[in-house]
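Structure file model.pdb (PDB, C-alpha atoms) is printed below.
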MODEL        1
ATOM      1  CA  MET A   1     111.080  62.705  98.837
ATOM      2  CA  ASN A   2     111.429  64.523  95.523
ATOM      3  CA  SER A   3     112.882  68.037  95.419
ATOM      4  CA  SER A   4     109.590  69.832  94.607
ATOM      5  CA  LEU A   5     107.848  68.201  97.546
ATOM      6  CA  ALA A   6     110.815  68.949  99.800
ATOM      7  CA  ARG A   7     110.804  72.637  98.759
ATOM      8  CA  LEU A   8     107.051  72.945  99.288
ATOM      9  CA  SER A   9     107.250  71.229 102.674
ATOM     10  CA  THR A  10     110.093  73.509 103.721
ATOM     11  CA  LEU A  11     108.238  76.648 102.603
ATOM     12  CA  LEU A  12     105.051  75.635 104.379
ATOM     13  CA  ALA A  13     106.931  74.786 107.554
ATOM     14  CA  LEU A  14     108.515  78.253 107.592
ATOM     15  CA  VAL A  15     105.219  80.091 107.257
ATOM     16  CA  PRO A  16     102.945  80.232 110.303
ATOM     17  CA  SER A  17      99.349  79.143 109.852
ATOM     18  CA  LEU A  18      96.820  81.912 110.204
ATOM     19  CA  ALA A  19      93.238  81.405 111.297
ATOM     20  CA  LEU A  20      90.965  82.305 108.423
ATOM     21  CA  ALA A  21      88.064  84.623 108.697
ATOM     22  CA  THR A  22      84.991  83.127 110.293
ATOM     23  CA  GLU A  23      82.132  82.786 107.812
ATOM     24  CA  LYS A  24      78.412  82.620 108.424
ATOM     25  CA  PRO A  25      75.491  82.732 106.017
ATOM     26  CA  VAL A  26      73.274  85.792 106.387
ATOM     27  CA  GLY A  27      69.991  86.645 104.730
ATOM     28  CA  LYS A  28      69.710  89.713 102.525
ATOM     29  CA  ALA A  29      68.024  91.496 105.457
ATOM     30  CA  GLY A  30      71.255  91.087 107.453
ATOM     31  CA  VAL A  31      73.410  92.689 104.745
ATOM     32  CA  PRO A  32      73.952  96.471 104.833
ATOM     33  CA  LYS A  33      72.066  98.257 102.047
ATOM     34  CA  VAL A  34      75.303  99.878 100.835
ATOM     35  CA  VAL A  35      76.770  96.392 100.255
ATOM     36  CA  LEU A  36      73.774  95.304  98.188
ATOM     37  CA  GLN A  37      73.908  98.618  96.292
ATOM     38  CA  THR A  38      77.573  97.982  95.382
ATOM     39  CA  ALA A  39      76.623  94.522  94.113
ATOM     40  CA  LYS A  40      73.727  95.973  92.082
ATOM     41  CA  THR A  41      75.935  98.741  90.656
ATOM     42  CA  SER A  42      78.667  96.249  89.744
ATOM     43  CA  TYR A  43      76.270  93.743  88.122
ATOM     44  CA  PRO A  44      72.941  95.479  87.341
ATOM     45  CA  ASN A  45      71.418  92.272  85.924
ATOM     46  CA  GLY A  46      72.852  89.997  88.619
ATOM     47  CA  LYS A  47      70.490  88.111  90.909
ATOM     48  CA  VAL A  48      71.660  87.589  94.510
ATOM     49  CA  ILE A  49      71.634  83.861  95.249
ATOM     50  CA  GLU A  50      73.617  83.776  98.509
ATOM     51  CA  THR A  51      75.177  86.126 101.072
ATOM     52  CA  VAL A  52      77.843  85.291 103.636
ATOM     53  CA  MET A  53      79.449  87.500 106.286
ATOM     54  CA  GLU A  54      83.103  87.030 107.241
ATOM     55  CA  ASN A  55      84.958  88.596 110.149
ATOM     56  CA  GLU A  56      88.547  89.406 109.225
ATOM     57  CA  GLY A  57      89.792  90.616 112.570
ATOM     58  CA  THR A  58      87.553  93.597 113.334
ATOM     59  CA  ARG A  59      86.559  94.087 109.685
ATOM     60  CA  LYS A  60      83.330  92.664 108.267
ATOM     61  CA  ILE A  61      83.413  91.451 104.674
ATOM     62  CA  TYR A  62      80.261  90.356 102.887
ATOM     63  CA  GLU A  63      80.472  87.817 100.090
ATOM     64  CA  VAL A  64      77.579  88.288  97.704
ATOM     65  CA  ARG A  65      77.093  85.474  95.176
ATOM     66  CA  LEU A  66      75.332  86.572  92.010
ATOM     67  CA  GLN A  67      73.985  84.818  88.968
ATOM     68  CA  ASP A  68      74.312  87.134  85.954
ATOM     69  CA  GLY A  69      72.943  85.277  82.960
ATOM     70  CA  ALA A  70      75.111  82.187  82.523
ATOM     71  CA  ALA A  71      77.915  83.646  84.675
ATOM     72  CA  ARG A  72      78.319  83.172  88.418
ATOM     73  CA  VAL A  73      80.319  85.788  90.307
ATOM     74  CA  ASP A  74      81.177  86.237  93.987
ATOM     75  CA  LEU A  75      81.776  89.801  95.155
ATOM     76  CA  LYS A  76      83.593  90.546  98.400
ATOM     77  CA  ILE A  77      82.416  93.887  99.736
ATOM     78  CA  ASP A  78      83.298  95.512 103.051
ATOM     79  CA  ALA A  79      80.619  96.948 105.373
ATOM     80  CA  SER A  80      81.188 100.460 103.962
ATOM     81  CA  GLY A  81      80.309  99.252 100.447
ATOM     82  CA  LYS A  82      83.876  99.084  99.089
ATOM     83  CA  LEU A  83      84.374  96.296  96.532
ATOM     84  CA  VAL A  84      87.362  94.296  97.797
ATOM     85  CA  ALA A  85      87.514  91.336  95.392
ATOM     86  CA  GLN A  86      85.668  89.516  92.621
ATOM     87  CA  GLU A  87      85.691  85.789  91.896
ATOM     88  CA  HIS A  88      84.410  84.420  88.579
ATOM     89  CA  LEU A  89      83.712  80.731  88.060
ATOM     90  CA  VAL A  90      85.833  79.448  85.153
ATOM     91  CA  ASP A  91      84.995  76.490  82.917
ATOM     92  CA  LEU A  92      87.682  73.854  83.530
ATOM     93  CA  LYS A  93      88.411  73.722  79.777
ATOM     94  CA  ALA A  94      89.305  77.447  79.843
ATOM     95  CA  VAL A  95      91.749  77.286  82.769
ATOM     96  CA  PRO A  96      95.397  77.839  81.810
ATOM     97  CA  VAL A  97      97.304  74.535  81.714
ATOM     98  CA  ALA A  98      99.967  76.014  84.019
ATOM     99  CA  VAL A  99      97.319  76.574  86.718
ATOM    100  CA  ILE A 100      96.087  72.972  86.558
ATOM    101  CA  ASN A 101      99.666  71.663  86.517
ATOM    102  CA  GLY A 102     100.539  73.865  89.507
ATOM    103  CA  ALA A 103      97.491  72.713  91.453
ATOM    104  CA  LEU A 104      98.201  69.037  90.777
ATOM    105  CA  ALA A 105     101.943  69.235  91.468
ATOM    106  CA  PRO A 106     103.276  67.121  94.351
ATOM    107  CA  PRO A 107     101.969  66.504  96.931
ATOM    108  CA  TYR A 108      98.611  66.850  95.128
ATOM    109  CA  GLN A 109      99.335  64.841  91.963
ATOM    110  CA  ASP A 110      96.650  62.248  92.829
ATOM    111  CA  TRP A 111      93.948  64.817  93.677
ATOM    112  CA  LYS A 112      91.095  65.931  91.389
ATOM    113  CA  VAL A 113      90.226  69.504  90.431
ATOM    114  CA  GLN A 114      86.626  70.247  91.425
ATOM    115  CA  ARG A 115      86.273  73.972  90.653
ATOM    116  CA  VAL A 116      88.342  76.961  89.489
ATOM    117  CA  GLU A 117      87.587  80.624  90.083
ATOM    118  CA  LYS A 118      89.464  83.633  88.695
ATOM    119  CA  VAL A 119      90.158  85.929  91.651
ATOM    120  CA  ASP A 120      90.667  89.660  91.197
ATOM    121  CA  ASN A 121      91.804  91.067  94.551
ATOM    122  CA  LEU A 122      91.279  94.808  94.217
ATOM    123  CA  GLU A 123      92.970  95.674  97.532
ATOM    124  CA  THR A 124      95.991  93.420  97.158
ATOM    125  CA  PRO A 125      96.539  92.741  93.447
ATOM    126  CA  ALA A 126      99.490  90.445  94.245
ATOM    127  CA  GLN A 127      96.915  88.073  95.789
ATOM    128  CA  SER A 128      94.979  87.804  92.517
ATOM    129  CA  GLY A 129      95.062  84.603  90.501
ATOM    130  CA  TYR A 130      93.152  81.350  90.300
ATOM    131  CA  GLU A 131      91.475  79.700  93.282
ATOM    132  CA  VAL A 132      91.452  75.963  92.631
ATOM    133  CA  LEU A 133      89.389  73.575  94.739
ATOM    134  CA  ILE A 134      90.950  70.107  94.764
ATOM    135  CA  GLU A 135      89.711  66.980  96.511
ATOM    136  CA  GLN A 136      90.885  63.510  97.401
ATOM    137  CA  ALA A 137      89.025  60.939  99.506
ATOM    138  CA  GLY A 138      86.710  63.583 100.983
ATOM    139  CA  THR A 139      89.520  65.966 101.904
ATOM    140  CA  LYS A 140      89.425  69.341 100.183
ATOM    141  CA  ARG A 141      91.992  72.087  99.671
ATOM    142  CA  GLU A 142      91.678  75.504  98.090
ATOM    143  CA  LEU A 143      94.840  76.633  96.413
ATOM    144  CA  LEU A 144      95.464  80.153  95.154
ATOM    145  CA  LEU A 145      97.840  80.102  92.200
ATOM    146  CA  THR A 146      99.222  82.685  89.811
ATOM    147  CA  ALA A 147      98.485  82.428  86.082
ATOM    148  CA  VAL A 148     101.816  80.605  85.657
ATOM    149  CA  GLY A 149     100.936  78.036  88.339
ATOM    150  CA  ALA A 150     102.947  79.378  91.288
ATOM    151  CA  LEU A 151     101.303  78.634  94.645
ATOM    152  CA  LEU A 152     100.406  81.768  96.631
ATOM    153  CA  LYS A 153      98.460  80.152  99.482
ATOM    154  CA  GLN A 154      96.396  77.146 100.445
ATOM    155  CA  GLU A 155      93.364  76.639 102.634
ATOM    156  CA  ASP A 156      92.593  73.282 104.208
ATOM    157  CA  ASP A 157      89.284  71.724 105.285
ATOM    158  CA  ASP A 158      89.881  72.966 108.824
ATOM    159  CA  LYS A 159      89.984  76.548 107.452
ATOM    160  CA  GLN A 160      93.665  76.999 108.196
ATOM    161  CA  GLU A 161      95.516  79.085 105.653
ATOM    162  CA  ASP A 162      99.163  78.835 104.716
ATOM    163  CA  ALA A 163     100.670  81.703 102.801
ATOM    164  CA  VAL A 164     103.650  80.911 100.627
ATOM    165  CA  ASP A 165     106.432  83.503 100.446
ATOM    166  CA  HIS A 166     108.077  83.597  97.005
ATOM    167  CA  LYS A 167     110.928  85.993  97.799
TER     168      LYS A 167
ENDMDL
END

Mind turning this structure into structure tokens?
Amino acid sequence: MNSSLARLSTLLALVPSLALATEKPVGKAGVPKVVLQTAKTSYPNGKVIETVMENEGTRKIYEVRLQDGAARVDLKIDASGKLVAQEHLVDLKAVPVAVINGALAPPYQDWKVQRVEKVDNLETPAQSGYEVLIEQAGTKRELLLTAVGALLKQEDDDKQEDAVDHK
């Protein structure tokens, strides 16, 4: 086992897995008006194309997917209308090389990048970066990486999340 893989395996073994928020699609009628107003204020020309509700413990977070011209953006807004995070789809050619290299580092060197989103976490800026969806043989992982390619956390198909502590 090479040293990078050994370090990653050790880090992931030390960090407990946390159950991710449960997600369920909801129609616009099931989304609080204040949430839709925040989306409209943030992107006045954006058209809502999908809404999802997540339970994070006792907190409800609504993910509102918008199409704003050629751009696609996902807004995470809590039930009170507070904008929590924004995710912007990034053209693969515009993704920093360090992010792609970090995503495809062992043990994922044989995986393929499917999608990259720039994540701006407004509540926890240290959790901002690039969310990279990778896939191999039908198995998918979402990796959150910094702009220099350091892994912050990963999410597996089974919606288990591993946070990586870089202290």

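From atom CA of Arg115 of chain A back to atom CA of Ile77 of chain A, the distance works out to 22.2 Å.
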
| query | For the point (98.8, 79.2, 95.8) in file coordinates, what residues are within 9 Å, counting all atoms listed in the file? Give the answer as a PyMOL selection string? | reply | chain A and resi 102-103+129-132+142-146+149-154+162-164

| said: Since I can't run it myself right now, could you work out what the PyMOL selection byres ((chain A and resi 78) around 9) selects here and report it as a PyMOL selection string? | reply: chain A and resi 35+59-63+76-77+79-84

Taking every listed atom of segment 60-67 of chain A and adding 3 Å to each side, what centre and edge lengths in Å (one decimal) does the axis-aligned box have, as lines of an AutoDock Vina configuration file?
center_x = 78.7
center_y = 88.7
center_z = 98.6
size_x = 15.4
size_y = 13.8
size_z = 25.3

| field | Residue with smallest distance to Lys47 of chain A - pool A:Ile100, A:Ala29, A:Val34, A:Ala71, counting all atoms listed in the file | value | A:Ala71

| request: Could you pull out every residue with an atom within 9 Å of (73.0, 90.0, 87.9), file coordinates, counting only C-alpha atoms, and send them as a list of chain:residue names? | output: A:Ala39, A:Lys40, A:Ser42, A:Tyr43, A:Pro44, A:Asn45, A:Gly46, A:Lys47, A:Val48, A:Leu66, A:Gln67, A:Asp68, A:Gly69, A:Ala71, A:Arg72, A:Val73
